[in-house]
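Undergrad: Got a structure for you, questions after.
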Amino acid sequence: MRIINLNPTHDIGATSWFVEIDGHKLLMDSGVHPKKDGMESLPLYGLVSKEDVEAIVLTHCHHDHVGSLPVAIRHFPQAHVLMTELSYFLVERVLHNSVNVMTKQRDELGIKEYPLYTHDEVDDIAPVFQGFKYNREIEWASLDRQKDGGPSPLMEFYDAGHALGSAGIMVRGDKETLFFTGDVCFQNQTILKGARFEDVKADVLIMETTRGNREVSPDFTREKEIDRLGNAIQEVLKRKGSVLIPCFALGRTQEILAELALMMKAGKIPRQPVYIGGLGRVFTEIYDLEAHRVHRQHNNLRLTQALQLIVLDKKQMEQMKVGGGRLFVVTAGMMSEQTAAHELALRMMGDEKQAIFFVGYADPETPGGRLKAAKDGETFMFSPSGGMATRKCQVENFDLTAHANRDELVDFVGEVGPHTVILGHGDPDARNWVEQSIRARFPKMKVVQPPPGGVVDIPVE
Ligand SMILES: [Zn+2]
Ligand SMILES: [Zn+2]
């Protein structure tokens with residue numbers, strides 16, 4: 001087995017792994033780097049562009065895993081594109097949205113390489129997408145290669161509990177097996193139940209390490225954290241301030257909306273409209289429509305019925321008063337420029353009545369990360385387009401992660417029992433903590449952190 005890390009940077013970056021097994025070649029994920037622009041945001045496809053990749057398989061529809069799919073398909077036009085059937089309902093919308101965002105960035109930030117692909121290109125490639133149920137074995141090698149190369153290796157999606165449609169990927173070759181976690185959450189979220197990775201066994205494990213640098217206190221519970229969020233929202237609304245919760249359109253938005261719906265139902269916060277983004281609204285509808293296919297809780301909770309959702313368009317946002325006790329659940333989670341969260345934060349930040357609540361990771365080098373770090377009353381550089389800003393509003397962090405805690409990851413390694421563990425999707429200190437913990441607990445395992453472009457050759461044992 002041969003594996004190449006195509007992430008262009010040493011941080012979480014853009015996920016893409018090249019895998020060769022039994023002479024068959026596969027690409028797992030095709031992300032973009034959220035902090036890089038233009039060509040720099042792409043995985044290192046050039047390193048493998050001469051390889052005859054037979055299939056591209058997707059773990060889930062977040063940008064850092066799927067945002068460069070059309071570019072990958074340009075390199076590998078013969079490849080099948082495989083994903084879960086739930087991701088199949090999402091992927092085209094995600095890619096079309098990317099075209100819109102990139103076009104806006106070209107016009108407003110002058111990034112000439114954008115868009116990296118067009119709406120027409122997305123429409124052209126869509127017919128090759130295939131959706132599969134969880135826990136079904138799929139023969140993924142192309143037929144003409146199979147004739148001379150023996151039977152196809154198999155593939156199977158395992159529910160990863162991270163966002164709608166998310167999966168870990170099992171690849172079974174003739175003599176060896178590989179499991180890639182994708183992004184995984186072992187604990188139940190409000191809607192999605194935790195990953196179903198119980199019977200995963202593999203020779204080689206590729207694992208995410210997002211939270212490897214984060215210790216969770218032993219008395220932490222998600223329930224208590226949600227309670228704290230509910231109380232905090234209540235306080236802000238009482239003083240007639242508004243609450244801005246920046247989050248990803250897929251996954252986090254629906255989990256937060258579910259919490260708001262449950263809080264309103266329980267009378268904890270008053271029933272009132274919730275402002276969301278256009279893409280958040282689309283994904284919320286898909287969460288509702290596909291509820292019957294999903295391993296989830298609150299099965300009968302339909303967000304579009306339980307809540308009065310109002311899509312916030314740009315014009316409306318510019319004219320609207322942001323105070324007066326409103327609830328905004330909008331993108332982007334890290335408040336990148338040209339997003340509703342960025343614009344609203346600029347308008348709310350200087351007013352002590354308002355509140356901005358973070359419910360997920362914000363990289364320190366993003367506007368959201370800088371706002372998180374700013375002290376009360378501090379003037380700081382928010383973003384190139386937003387300029388300097390002074391933080392007077394309330395800012396809080398709530399740990400409602402959709403990623404596995406680091407101790408759970410190390411426990412999982414023990415359950416899978418691989419001879420080789422390959423670490424990715426984490427900052428260097430996060431990967432290092434996980435590597436050291438695995439070495440301490442499982443001294444016989446080989447642990448590798450391949451650098452950008454790094455090759456891992458695994459002899460058949
Ligand atoms: Zn993700
Ligand atoms: Zn990710």
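By order of appearance in the structure tokens: chains A, B, ..., then residues from 1 within every chain, and ligands from 1 in the order shown.
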Can you list every residue of chain A that has an atom at most 9 Å from ligand 2, with its nearest atom pair and the distance in Å to one decimal, using only C-alpha atoms and all ligand atoms, ordered by chain then number, as a tab-separated table?
TA:
residue	atom	partner	partner_atom_place_in_ligand_line	distance
A:Ile12	CA	ligand 2	1 (Zn)	7.3
A:Gly13	CA	ligand 2	1 (Zn)	8.3
A:Ala14	CA	ligand 2	1 (Zn)	8.0
A:Thr15	CA	ligand 2	1 (Zn)	7.2
A:Gly31	CA	ligand 2	1 (Zn)	8.6
A:His60	CA	ligand 2	1 (Zn)	8.5
A:His62	CA	ligand 2	1 (Zn)	6.5
A:His63	CA	ligand 2	1 (Zn)	7.7
A:Asp64	CA	ligand 2	1 (Zn)	5.4
A:His65	CA	ligand 2	1 (Zn)	6.1
A:Gly182	CA	ligand 2	1 (Zn)	7.2
A:Asp183	CA	ligand 2	1 (Zn)	5.5
A:Val184	CA	ligand 2	1 (Zn)	9.0
A:Glu208	CA	ligand 2	1 (Zn)	8.1
A:Thr210	CA	ligand 2	1 (Zn)	8.1
A:His403	CA	ligand 2	1 (Zn)	9.0
A:His425	CA	ligand 2	1 (Zn)	6.7
Undergrad: Go ahead and save the residues from that selection, with N, CA and C atoms, as a PDB file, in the first residue's frame.
TA:
ATOM      1  N   ILE A  12      -4.409  22.081   9.565  1.00  0.00           N
ATOM      2  CA  ILE A  12      -5.581  21.276   9.168  1.00  0.00           C
ATOM      3  C   ILE A  12      -5.740  21.290   7.657  1.00  0.00           C
ATOM      4  N   GLY A  13      -5.648  22.493   7.098  1.00  0.00           N
ATOM      5  CA  GLY A  13      -5.487  22.638   5.656  1.00  0.00           C
ATOM      6  C   GLY A  13      -6.581  22.059   4.786  1.00  0.00           C
ATOM      7  N   ALA A  14      -6.171  21.556   3.621  1.00  0.00           N
ATOM      8  CA  ALA A  14      -7.088  20.985   2.632  1.00  0.00           C
ATOM      9  C   ALA A  14      -6.853  19.482   2.624  1.00  0.00           C
ATOM     10  N   THR A  15      -7.895  18.729   2.930  1.00  0.00           N
ATOM     11  CA  THR A  15      -7.713  17.275   3.009  1.00  0.00           C
ATOM     12  C   THR A  15      -7.742  16.637   1.628  1.00  0.00           C
ATOM     13  N   GLY A  31     -10.282  18.640  -0.842  1.00  0.00           N
ATOM     14  CA  GLY A  31     -10.665  19.868  -0.145  1.00  0.00           C
ATOM     15  C   GLY A  31     -10.000  21.121  -0.676  1.00  0.00           C
ATOM     16  N   HIS A  60     -17.139  13.812   3.474  1.00  0.00           N
ATOM     17  CA  HIS A  60     -18.300  14.657   3.753  1.00  0.00           C
ATOM     18  C   HIS A  60     -18.166  15.974   3.007  1.00  0.00           C
ATOM     19  N   HIS A  62     -17.958  19.264   3.775  1.00  0.00           N
ATOM     20  CA  HIS A  62     -17.336  20.525   4.198  1.00  0.00           C
ATOM     21  C   HIS A  62     -16.253  20.906   3.198  1.00  0.00           C
ATOM     22  N   HIS A  63     -16.029  22.229   3.084  1.00  0.00           N
ATOM     23  CA  HIS A  63     -15.117  22.719   2.044  1.00  0.00           C
ATOM     24  C   HIS A  63     -13.707  22.165   2.130  1.00  0.00           C
ATOM     25  N   ASP A  64     -13.229  21.955   3.364  1.00  0.00           N
ATOM     26  CA  ASP A  64     -11.848  21.478   3.487  1.00  0.00           C
ATOM     27  C   ASP A  64     -11.715  20.017   3.042  1.00  0.00           C
ATOM     28  N   HIS A  65     -12.844  19.397   2.651  1.00  0.00           N
ATOM     29  CA  HIS A  65     -12.815  18.013   2.158  1.00  0.00           C
ATOM     30  C   HIS A  65     -13.334  17.866   0.735  1.00  0.00           C
ATOM     31  N   GLY A 182     -11.979  10.348   8.196  1.00  0.00           N
ATOM     32  CA  GLY A 182     -12.578  11.641   7.841  1.00  0.00           C
ATOM     33  C   GLY A 182     -12.660  12.472   9.105  1.00  0.00           C
ATOM     34  N   ASP A 183     -13.619  13.388   9.188  1.00  0.00           N
ATOM     35  CA  ASP A 183     -13.874  14.103  10.443  1.00  0.00           C
ATOM     36  C   ASP A 183     -14.873  13.261  11.222  1.00  0.00           C
ATOM     37  N   VAL A 184     -14.593  13.019  12.484  1.00  0.00           N
ATOM     38  CA  VAL A 184     -15.447  12.093  13.237  1.00  0.00           C
ATOM     39  C   VAL A 184     -15.859  12.694  14.577  1.00  0.00           C
ATOM     40  N   GLU A 208      -8.005  11.784  11.738  1.00  0.00           N
ATOM     41  CA  GLU A 208      -8.020  13.224  12.007  1.00  0.00           C
ATOM     42  C   GLU A 208      -7.566  13.484  13.443  1.00  0.00           C
ATOM     43  N   THR A 210      -8.032  16.923  14.926  1.00  0.00           N
ATOM     44  CA  THR A 210      -8.403  18.330  15.148  1.00  0.00           C
ATOM     45  C   THR A 210      -8.224  18.777  16.603  1.00  0.00           C
ATOM     46  N   HIS A 403     -16.251  17.303  16.584  1.00  0.00           N
ATOM     47  CA  HIS A 403     -15.056  16.458  16.418  1.00  0.00           C
ATOM     48  C   HIS A 403     -14.810  15.640  17.674  1.00  0.00           C
ATOM     49  N   HIS A 425      -5.132  16.165   9.419  1.00  0.00           N
ATOM     50  CA  HIS A 425      -6.229  17.047   9.807  1.00  0.00           C
ATOM     51  C   HIS A 425      -6.085  17.561  11.238  1.00  0.00           C
TER      52      HIS A 425
END
Undergrad: From a backbone DSSP assignment, name each residue in region 133-329 of chain A labelled strand (DSSP E or B), as number ranges by chain.
TA: A: 138-139, 154-159, 167-172, 177-180, 192, 204-208, 243-246, 274-276, 296, 309-311, 327-329
Undergrad: Applying 9 Å and only C-alpha atoms, which residues near Arg136 (chain A) remain after dropping the ones on its own chain fewer than 2 positions away? List them as a list of chain:residue names.
TA: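 My list of contacting residues is A:Phe132, A:Lys133, A:Tyr134, A:Ile138, A:Met155, A:Glu156, A:Phe157.
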Undergrad: Can you pull out every residue within 10 Å of region 356-359 of chain A, counting only C-alpha atoms, but drop anything in the same chain fewer than 5 positions away, and send it as a PyMOL selection string?
TA: chain A and resi 229+232-233+242-247+252-253+256+328-329+333-334+341+344-345+348-349+368-369+371-372+393-402
Undergrad: Please list as a list in words every residue within 8 Å of Arg431 (chain A), counting only C-alpha atoms and excluding residues in the same chain fewer than 6 positions away.
TA: Thr209, Gly212, Asn213, Leu423, Gly424 and Gln449 of chain A
Undergrad: Residues as selected, N, CA, C and O atoms, written as a compact mmCIF listing (two decimals), in the first residue's frame, can you do that?
TA:
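Below you can see out01.txt, which holds the result:
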# COMPACT_ATOMS: atom_id res chain seq x y z
N THR A 209 -7.04 14.66 13.71
CA THR A 209 -6.53 14.99 15.05
C THR A 209 -6.91 16.41 15.47
O THR A 209 -6.22 17.03 16.27
N GLY A 212 -6.53 17.38 19.09
CA GLY A 212 -5.40 16.78 19.80
C GLY A 212 -4.71 17.74 20.75
O GLY A 212 -4.04 17.31 21.69
N ASN A 213 -4.87 19.05 20.53
CA ASN A 213 -4.21 20.02 21.41
C ASN A 213 -5.15 20.56 22.48
O ASN A 213 -4.90 21.57 23.09
N LEU A 423 -1.32 10.24 10.85
CA LEU A 423 -2.07 11.34 11.45
C LEU A 423 -2.18 12.52 10.50
O LEU A 423 -1.20 12.92 9.86
N GLY A 424 -3.37 13.10 10.43
CA GLY A 424 -3.59 14.28 9.59
C GLY A 424 -4.65 15.17 10.21
O GLY A 424 -5.05 14.97 11.36
N GLN A 449 3.53 11.00 10.66
CA GLN A 449 2.91 12.29 10.31
C GLN A 449 3.52 12.73 8.98
O GLN A 449 4.48 13.49 8.97
Undergrad: Please return as JSON, numbers by chain: the residues of region 101-282 of chain A that backbone DSSP assigns to helix (DSSP H, G or I).
TA: {"A": [101, 102, 103, 104, 105, 106, 107, 108, 109, 119, 120, 121, 122, 123, 124, 125, 126, 127, 128, 143, 144, 145, 146, 147, 148, 149, 222, 223, 224, 225, 226, 227, 228, 229, 230, 231, 232, 233, 234, 235, 236, 237, 238, 252, 253, 254, 255, 256, 257, 258, 259, 260, 261, 262, 263, 264, 265, 278, 279, 280, 281, 282]}
Undergrad: Quick one: pull the distance between CA of His295 (chain A) and CA of Gly426 (chain A), Å, one decimal.
TA: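 We find that CA of His295 (chain A) and CA of Gly426 (chain A) lie 26.5 Å from each other.
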Undergrad: Skip Ile111 (chain A) itself and residues of its chain fewer than 5 positions away, then list as a list of chain:residue names all residues within 7 Å of it, counting only C-alpha atoms.
TA: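 So, after excluding close chain neighbours, the residues are A:Gly38, A:Gln105, A:Arg106.
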Undergrad: Take the selection from the previous step and output its residues with N, CA, C and O atoms, as a compact mmCIF listing (two decimals), in the first residue's frame.
TA:
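Final file, selection_5.txt:
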# COMPACT_ATOMS: atom_id res chain seq x y z
N GLY A 38 -6.81 31.21 -3.93
CA GLY A 38 -6.41 30.83 -5.28
C GLY A 38 -5.79 29.45 -5.34
O GLY A 38 -6.17 28.54 -4.59
N GLN A 105 -15.18 36.93 -4.30
CA GLN A 105 -13.83 37.25 -3.83
C GLN A 105 -12.97 37.81 -4.96
O GLN A 105 -12.12 38.67 -4.73
N ARG A 106 -13.18 37.29 -6.17
CA ARG A 106 -12.45 37.85 -7.31
C ARG A 106 -12.82 39.32 -7.48
O ARG A 106 -11.96 40.18 -7.62
Undergrad: When you count only C-alpha atoms and all ligand atoms, which of these residues is closest to ligand 1: A:Phe412, A:Phe283, A:Phe248, A:Tyr275?
TA: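 When distances to ligand 1 are compared using only C-alpha atoms and all ligand atoms, the smallest one comes from A:Phe248.
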Undergrad: Considering only C-alpha atoms and all ligand atoms, state which residue in the set A:Gly165, A:Pro8, A:Pro153, A:Pro384 is at the smallest distance from ligand 1.
TA: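 Comparing A:Gly165, A:Pro8, A:Pro153, A:Pro384 against ligand 1, the winner is A:Gly165.
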